Amino acid sequence: MERHVHQRLRHDVVLRRLAVLRVERLTPHMQRVTFGGAELRGFHSAAPDDHVKLFLPNRDGELVLPTLGANGIEFPAGREPSPMRDYTPRHHDATRGELVVDFVLHGDGPASHWAEQAAPGQHIGVGGPRGSHVIAGDFDHYVLAGDETALPAISRWLEEMPAGMRATALIEVPAAADRQVLFTRANVDIRWFERDAAHGESLEHALHGLPAIEGDCFWWIATESGRARAMRQSLEQRGVPKDWIKATGYWKAHADDDTE
């Protein structure tokens, strides 16, 4: 039987209008928003790093959602479209009818600004996920590395790992106060790095300095695009098979776009 076979799943794209149920400040730079509503029925997210498209109120405070047409999404003519941003479904509880999304508060961009003022009763649009990339569960070890934008996906992945699975999590956050208590049943070594530390160890240095890992290892990386690309290239140069690496740019330096 072939080992380490990943799955790519496609989902029917559904655009939902959801209400804010609860808001919780997790850390100085992370706001948790719980959404719900009848339109959440049928929602499905199969992988920890899935992404949904969030549609936020425009500059007039109006939620202008598109329709799904033959040419993709189409906004009503003559009205300012709602800004769109990609986010990780942190947790979905079908029984309770709730969807949790964690927002990084970085003081810039429509998603960060909206999340900081979010309150119960407000509404947003949620589209997707369009698909899921389900990583094979038979690797001997998993390394998850990312900054605070990747923390929702890393946290969810650790929660969903079964007992006996082995993993290492390397997480970079702005400051020590941005660390979170993470739950997992797996055997996981969690290492935190703060950017404000005078001589803090960089994510790259920590990744490259890991001791030799026994068996087959899958490497998952999510951070700024240039950094993620450089870390992928470094692993490939060390002989790690390309199918054993998933490196994703969750945001771009010096860009006005914000994801996560």
# chains A, B, ... in the order shown; residues from 1 in each chain; ligands from 1
>>> residues_around(residues="segment 155-159 of chain A", least_positions_apart="6", cutoff="8 Å", atoms="only C-alpha atoms", output="MDAnalysis selection string")
chainID A and resid 48:49 90:91 182:186
>>> write_last_selection(atoms="all heavy atoms", output="mmCIF file, in the first residue's frame")
data_model
loop_
_atom_site.group_PDB
_atom_site.id
_atom_site.type_symbol
_atom_site.label_atom_id
_atom_site.label_comp_id
_atom_site.auth_asym_id
_atom_site.auth_seq_id
_atom_site.Cartn_x
_atom_site.Cartn_y
_atom_site.Cartn_z
ATOM 1 N N PRO A 48 -7.096 21.358 8.756
ATOM 2 C CA PRO A 48 -6.830 22.426 9.721
ATOM 3 C C PRO A 48 -6.436 23.751 9.097
ATOM 4 O O PRO A 48 -6.620 24.804 9.718
ATOM 5 C CB PRO A 48 -5.673 21.860 10.561
ATOM 6 C CG PRO A 48 -5.725 20.390 10.371
ATOM 7 C CD PRO A 48 -6.239 20.174 8.979
ATOM 8 N N ASP A 49 -5.872 23.724 7.893
ATOM 9 C CA ASP A 49 -5.457 24.977 7.270
ATOM 10 C C ASP A 49 -6.381 25.384 6.123
ATOM 11 O O ASP A 49 -5.972 26.114 5.205
ATOM 12 C CB ASP A 49 -4.008 24.885 6.779
ATOM 13 C CG ASP A 49 -3.792 23.784 5.758
ATOM 14 O OD1 ASP A 49 -4.704 22.939 5.579
ATOM 15 O OD2 ASP A 49 -2.715 23.757 5.125
ATOM 16 N N ARG A 90 -11.193 28.324 12.620
ATOM 17 C CA ARG A 90 -10.485 27.819 13.810
ATOM 18 C C ARG A 90 -11.220 26.634 14.430
ATOM 19 O O ARG A 90 -10.589 25.668 14.883
ATOM 20 C CB ARG A 90 -10.349 28.966 14.820
ATOM 21 C CG ARG A 90 -9.775 28.569 16.178
ATOM 22 C CD ARG A 90 -8.345 28.087 16.053
ATOM 23 N NE ARG A 90 -7.816 27.714 17.352
ATOM 24 C CZ ARG A 90 -8.049 26.567 17.966
ATOM 25 N NH1 ARG A 90 -8.801 25.637 17.372
ATOM 26 N NH2 ARG A 90 -7.521 26.302 19.142
ATOM 27 N N HIS A 91 -12.545 26.697 14.463
ATOM 28 C CA HIS A 91 -13.322 25.597 15.033
ATOM 29 C C HIS A 91 -14.737 25.675 14.485
ATOM 30 O O HIS A 91 -15.310 26.770 14.361
ATOM 31 C CB HIS A 91 -13.346 25.684 16.559
ATOM 32 C CG HIS A 91 -14.179 24.611 17.201
ATOM 33 N ND1 HIS A 91 -13.801 23.281 17.226
ATOM 34 C CD2 HIS A 91 -15.383 24.669 17.830
ATOM 35 C CE1 HIS A 91 -14.717 22.579 17.852
ATOM 36 N NE2 HIS A 91 -15.696 23.380 18.222
ATOM 37 N N LEU A 182 -2.301 25.776 24.356
ATOM 38 C CA LEU A 182 -2.730 24.922 23.259
ATOM 39 C C LEU A 182 -3.016 23.514 23.766
ATOM 40 O O LEU A 182 -2.266 22.963 24.565
ATOM 41 C CB LEU A 182 -1.667 24.875 22.157
ATOM 42 C CG LEU A 182 -1.204 26.228 21.613
ATOM 43 C CD1 LEU A 182 -0.172 26.037 20.514
ATOM 44 C CD2 LEU A 182 -2.384 27.039 21.098
ATOM 45 N N PHE A 183 -4.085 22.933 23.269
ATOM 46 C CA PHE A 183 -4.490 21.580 23.670
ATOM 47 C C PHE A 183 -4.130 20.580 22.584
ATOM 48 O O PHE A 183 -4.296 20.846 21.393
ATOM 49 C CB PHE A 183 -5.997 21.525 23.918
ATOM 50 C CG PHE A 183 -6.515 20.122 24.100
ATOM 51 C CD1 PHE A 183 -6.349 19.457 25.302
ATOM 52 C CD2 PHE A 183 -7.132 19.454 23.047
ATOM 53 C CE1 PHE A 183 -6.794 18.151 25.465
ATOM 54 C CE2 PHE A 183 -7.591 18.153 23.206
ATOM 55 C CZ PHE A 183 -7.424 17.504 24.417
ATOM 56 N N THR A 184 -3.647 19.421 22.999
ATOM 57 C CA THR A 184 -3.400 18.336 22.057
ATOM 58 C C THR A 184 -3.329 17.016 22.818
ATOM 59 O O THR A 184 -2.938 16.980 23.989
ATOM 60 C CB THR A 184 -2.093 18.544 21.270
ATOM 61 O OG1 THR A 184 -1.949 17.507 20.298
ATOM 62 C CG2 THR A 184 -0.883 18.572 22.183
ATOM 63 N N ARG A 185 -3.737 15.948 22.150
ATOM 64 C CA ARG A 185 -3.581 14.600 22.692
ATOM 65 C C ARG A 185 -2.286 13.958 22.195
ATOM 66 O O ARG A 185 -1.893 12.900 22.676
ATOM 67 C CB ARG A 185 -4.780 13.721 22.281
ATOM 68 C CG ARG A 185 -6.091 14.131 22.905
ATOM 69 C CD ARG A 185 -7.219 13.217 22.447
ATOM 70 N NE ARG A 185 -7.425 13.321 21.003
ATOM 71 C CZ ARG A 185 -8.205 14.233 20.425
ATOM 72 N NH1 ARG A 185 -8.849 15.112 21.166
ATOM 73 N NH2 ARG A 185 -8.354 14.270 19.119
ATOM 74 N N ALA A 186 -1.658 14.591 21.212
ATOM 75 C CA ALA A 186 -0.452 14.035 20.603
ATOM 76 C C ALA A 186 0.775 14.320 21.469
ATOM 77 O O ALA A 186 0.725 15.087 22.435
ATOM 78 C CB ALA A 186 -0.270 14.621 19.208
#
>>> residues_around(residues="Gly97 of chain A", least_positions_apart="6", cutoff="10 Å", atoms="only C-alpha atoms", output="ChimeraX atom specification")
/A:35-43
>>> residues_around(residues="segment 220-236 of chain A", least_positions_apart="6", cutoff="9 Å", atoms="only C-alpha atoms", output="list in words")
Tyr142, Val143, Leu144, Ala145, Gly146, Asp147, Glu148, Thr149, Ala150, Glu204, Leu207, His208, Lys242, Trp244, Ile245, Lys246, Ala247, Thr248, Gly249, Tyr250, Trp251, Lys252 and Ala253 of chain A
>>> closest_residue(among="A:Gly127, A:Pro57, A:Gly72, A:Gly215", to="Ala115 of chain A", atoms="only C-alpha atoms")
A:Pro57
>>> closest_residue(among="A:Phe55, A:Glu74, A:Pro28, A:Val13", to="Ala177 of chain A", atoms="only C-alpha atoms")
A:Pro28
>>> residues_around(residues="Ala119 of chain A", least_positions_apart="4", cutoff="9 Å", atoms="only C-alpha atoms", output="list in words")
Val20, Leu21, Arg22, Val23, Val33 and Ala115 of chain A
>>> residues_around(residues="Ala206 of chain A", least_positions_apart="5", cutoff="10 Å", atoms="only C-alpha atoms", output="PDB file with C-alpha atoms, in the first residue's frame")
ATOM      1  CA  ALA A 145       6.135  26.343  11.825  1.00  0.00           C
ATOM      2  CA  LEU A 170       7.545  26.358  16.184  1.00  0.00           C
ATOM      3  CA  ILE A 171       5.454  29.486  16.726  1.00  0.00           C
ATOM      4  CA  ARG A 191       8.402  26.136  21.133  1.00  0.00           C
ATOM      5  CA  TRP A 192       7.543  29.840  21.218  1.00  0.00           C
ATOM      6  CA  PHE A 193       9.602  32.743  19.877  1.00  0.00           C
ATOM      7  CA  GLU A 201      15.750  33.140  18.058  1.00  0.00           C
ATOM      8  CA  PRO A 211      17.961  17.911  15.596  1.00  0.00           C
TER       9      PRO A 211
END
